[in-house]
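Structure record follows, encoded as structure tokens.
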Amino acid sequence: MTDIKELLLSRIRDVADYPEPGVMFKDITPLLADPAAFTALTDALAEIAERSGATKIVGLEARGFILGAPVAVRAGLGFIPVRKAGKLPGATLGQAYDLEYGSAEIEVHAEDLTAEDRVLIIDDVLATGGTAEASVQLIRRAGAEVAGLAVLMELGFLNGRDRLEPALNGAPLEALLTV
Ligand SMILES: O=P(O)(O)OC[C@H]1O[C@H](OP(=O)(O)OP(=O)(O)O)[C@H](O)[C@@H]1O
Ligand SMILES: Nc1ncnc2[nH]cnc12
């Protein structure tokens, strides 16, 4: 494993049985609190953004905002928030989905994405892939192209990649870490 991967992994805390029994929660707050690790993560994701040819970064609420916003600034791209339903004030498009621990709906401002846009989606964790799959569908319905999806960590045992790959339709899924 590279030094950067070791650094990132060492700053992610496992919390058993959160938010419900049977879930091993991957807590990224120690990583965010460490400026060297947070900078290394931002740089690695910005490099993926530059390679992808993306014109915009979409971050998925809430932890995808924390990672996606500095990446957008670093890569010189606009940042578009995909929020949980009911939080955006303008005209929205929405998409329902299932989570490892529940179900939810996400929304985006319809006017934020156009047919000219190539979007890199950023989030912290790929678990079942439900959130990511819904975001891909949402971005396509908004008329934009999906340049790829980048996450800090993929939970391989939940097979989110298998669920997501048909929706990605050839666009890359890049995970800095896989556990
Ligand atoms: O692959 P999935 O099974 O869809 O799970 C992954 C999603 O779950 C978490 O977000 P959560 O909905 O818990 O929201 P939060 O970031 O607001 O805590 C995580 O940040 C991803 O967005
Ligand atoms: N196990 C997990 N840890 C952190 N975020 C998650 N989102 C879905 N499953 C998760």
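Order determines the names: the first chain of the structure tokens is A, the second B, and so forth; residues in each chain are numbered 1 upward, and ligands are numbered 1 upward as they are shown.
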
Exercise. Do a neighbour search on Leu45 in chain A at 9 Å with only C-alpha atoms, toss out local chain neighbours closer than 4 positions, and write the hits as a VMD selection string.
Key: chain A and resid 40 to 41 49 to 50 67 to 68 71 122 150 to 152 176

Exercise. Quick one: everything within 6 Å of Ile121 in chain A, counting only C-alpha atoms, minus sequence neighbours fewer than 6 positions away in the same chain. Send it as a PyMOL selection string.
Key: chain A and resi 57-59+149

Practice problem: May I ask you to write as a ChimeraX atom specification all residues lying at most 12 Å from ligand 2, with only C-alpha atoms and all ligand atoms counted? | Solution: /A:12-29,60-64,98-103,123-132,151-160,179

Quiz item: Rounded to one decimal in Å, what is the spacing between atom 22 (O, counted along the ligand's line) of ligand 1 and CA of Met1 in chain A?
Solution: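 That distance, rounded to one decimal, is 25.1 Å.
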
Self-check item: All residues 10 Å or closer to Val73 in chain A, only C-alpha atoms, same chain fewer than 4 positions away omitted, as a ChimeraX atom specification
Solution: /A:42,46,57,68-69,77-79

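For Asp3 in chain A, the list of residues within 12 Å, based on only C-alpha atoms and with local chain neighbours fewer than 4 positions off taken out, reads Leu7, Leu8, Leu9, Ser10, Ala37, Ala40 and Leu41 of chain A.
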
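Checking A:Thr114, A:Ser135, A:Asn169, A:Thr178 one by one against ligand 1, counting only C-alpha atoms and all ligand atoms, you find the shortest gap at A:Ser135.
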
Quiz item: Neighbours of Arg140 in chain A within 10 Å (only C-alpha atoms; same-chain residues fewer than 4 positions away dropped), as a ChimeraX atom specification?
Solution: /A:113-115,119,134-136,144-146,167

Non-local contacts of range 109-111 of chain A (9 Å; only C-alpha atoms; under 3 positions in same chain excluded) as a tab-separated table (two decimals) with C-alpha atoms, in the first residue's frame:
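Written file, part_7.tsv:
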```tsv
chain	number	residue	atom	x	y	z
A	80	ILE	CA	-22.98	21.52	-7.39
A	81	PRO	CA	-24.63	20.16	-4.21
A	82	VAL	CA	-26.92	17.13	-4.44
A	88	LEU	CA	-32.97	23.28	-2.05
A	89	PRO	CA	-35.08	26.41	-2.63
A	90	GLY	CA	-35.29	26.41	-6.44
A	91	ALA	CA	-36.86	24.09	-9.01
A	92	THR	CA	-35.45	20.59	-8.40
A	93	LEU	CA	-35.20	17.13	-9.90
A	114	THR	CA	-26.82	21.39	-18.65
A	142	ALA	CA	-30.72	16.75	-15.63
```

Quiz item: Looking at A:Gly76, A:Arg163, A:Leu138, A:Arg11, which one is nearest to Glu47 in chain A, with distances taken over only C-alpha atoms?
Solution: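 When distances to Glu47 in chain A are compared using only C-alpha atoms, the smallest one comes from A:Gly76.
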
Self-check item: Option closest in space to ligand 1, from A:Asp43, A:Glu174, A:Glu105, A:Asp117 [counting only C-alpha atoms and all ligand atoms]
Solution: A:Glu105

Quiz item: A:Ile48, A:Ile4, A:Ala36, A:Ala147: which is nearest Glu116 in chain A, counting only C-alpha atoms?
Solution: A:Ala147

Exercise. Check range 13-159 of chain A with DSSP on the backbone and list each residue it calls helix (DSSP H, G or I), as a PyMOL selection string.
Key: chain A and resi 29-32+35-52+63-75+110-112+130-141+156-158

Quiz prompt | Which of chain A fall in strand (DSSP E or B), as a ChimeraX atom specification | solution = /A:13-16,24-27,56-60,78-84,92-99,102-109,118-126,145-154,173-178

Restricting it to C-alpha atoms, dump the selection as a short mmCIF file (atom, residue, chain, number, x, y, z; two decimals), in the first residue's frame.
```cif
data_model
loop_
_atom_site.label_atom_id
_atom_site.label_comp_id
_atom_site.auth_asym_id
_atom_site.auth_seq_id
_atom_site.Cartn_x
_atom_site.Cartn_y
_atom_site.Cartn_z
CA ARG A 13 -12.14 5.20 12.55
CA ASP A 14 -14.30 2.07 12.64
CA VAL A 15 -17.37 2.46 14.87
CA ALA A 16 -19.24 -0.80 15.45
CA MET A 24 -19.47 -0.99 10.89
CA PHE A 25 -19.48 2.79 10.42
CA LYS A 26 -16.45 4.35 8.71
CA ASP A 27 -15.94 7.66 10.52
CA LYS A 56 -18.23 20.41 -12.65
CA ILE A 57 -18.00 18.59 -9.33
CA VAL A 58 -21.16 17.17 -7.74
CA GLY A 59 -20.92 16.47 -4.00
CA LEU A 60 -23.43 14.20 -2.24
CA GLY A 78 -17.81 24.73 -10.06
CA PHE A 79 -19.39 22.79 -7.19
CA ILE A 80 -22.98 21.52 -7.39
CA PRO A 81 -24.63 20.16 -4.21
CA VAL A 82 -26.92 17.13 -4.44
CA ARG A 83 -29.00 17.43 -1.30
CA LYS A 84 -31.43 15.32 0.69
CA THR A 92 -35.45 20.59 -8.40
CA LEU A 93 -35.20 17.13 -9.90
CA GLY A 94 -35.46 14.28 -7.36
CA GLN A 95 -34.50 10.61 -7.13
CA ALA A 96 -35.45 8.08 -4.42
CA TYR A 97 -33.03 5.33 -3.28
CA ASP A 98 -32.24 2.74 -0.58
CA LEU A 99 -29.32 2.98 1.88
CA GLY A 102 -32.76 3.08 5.46
CA SER A 103 -34.10 4.93 2.45
CA ALA A 104 -33.95 8.52 1.24
CA GLU A 105 -34.44 10.90 -1.67
CA ILE A 106 -31.89 13.28 -3.19
CA GLU A 107 -32.41 16.43 -5.23
CA VAL A 108 -30.45 18.83 -7.41
CA HIS A 109 -31.30 22.27 -8.72
CA ARG A 118 -19.34 16.59 -17.67
CA VAL A 119 -19.75 15.81 -13.99
CA LEU A 120 -17.45 14.06 -11.52
CA ILE A 121 -19.48 12.85 -8.53
CA ILE A 122 -17.65 12.82 -5.19
CA ASP A 123 -18.58 11.10 -1.94
CA ASP A 124 -16.78 9.64 1.07
CA VAL A 125 -18.08 6.06 1.13
CA LEU A 126 -19.51 3.69 -1.47
CA GLU A 145 -22.85 13.64 -18.81
CA VAL A 146 -21.32 11.62 -15.94
CA ALA A 147 -17.51 11.78 -16.22
CA GLY A 148 -17.10 9.37 -13.31
CA LEU A 149 -17.53 8.79 -9.61
CA ALA A 150 -14.73 9.15 -7.05
CA VAL A 151 -14.92 8.05 -3.42
CA LEU A 152 -12.49 7.92 -0.55
CA MET A 153 -13.52 4.41 0.44
CA GLU A 154 -15.37 1.50 -1.13
CA LEU A 173 -15.58 4.43 -10.54
CA GLU A 174 -12.41 5.34 -8.63
CA ALA A 175 -11.99 4.41 -4.96
CA LEU A 176 -8.82 5.56 -3.20
CA LEU A 177 -9.27 2.77 -0.63
CA THR A 178 -11.14 -0.53 -0.71
#
```

Exercise. In Å, rounded to a single decimal, give me how far CA of Ala171 in chain A is from CA of Ala54 in chain A.
Key: 11.6 Å
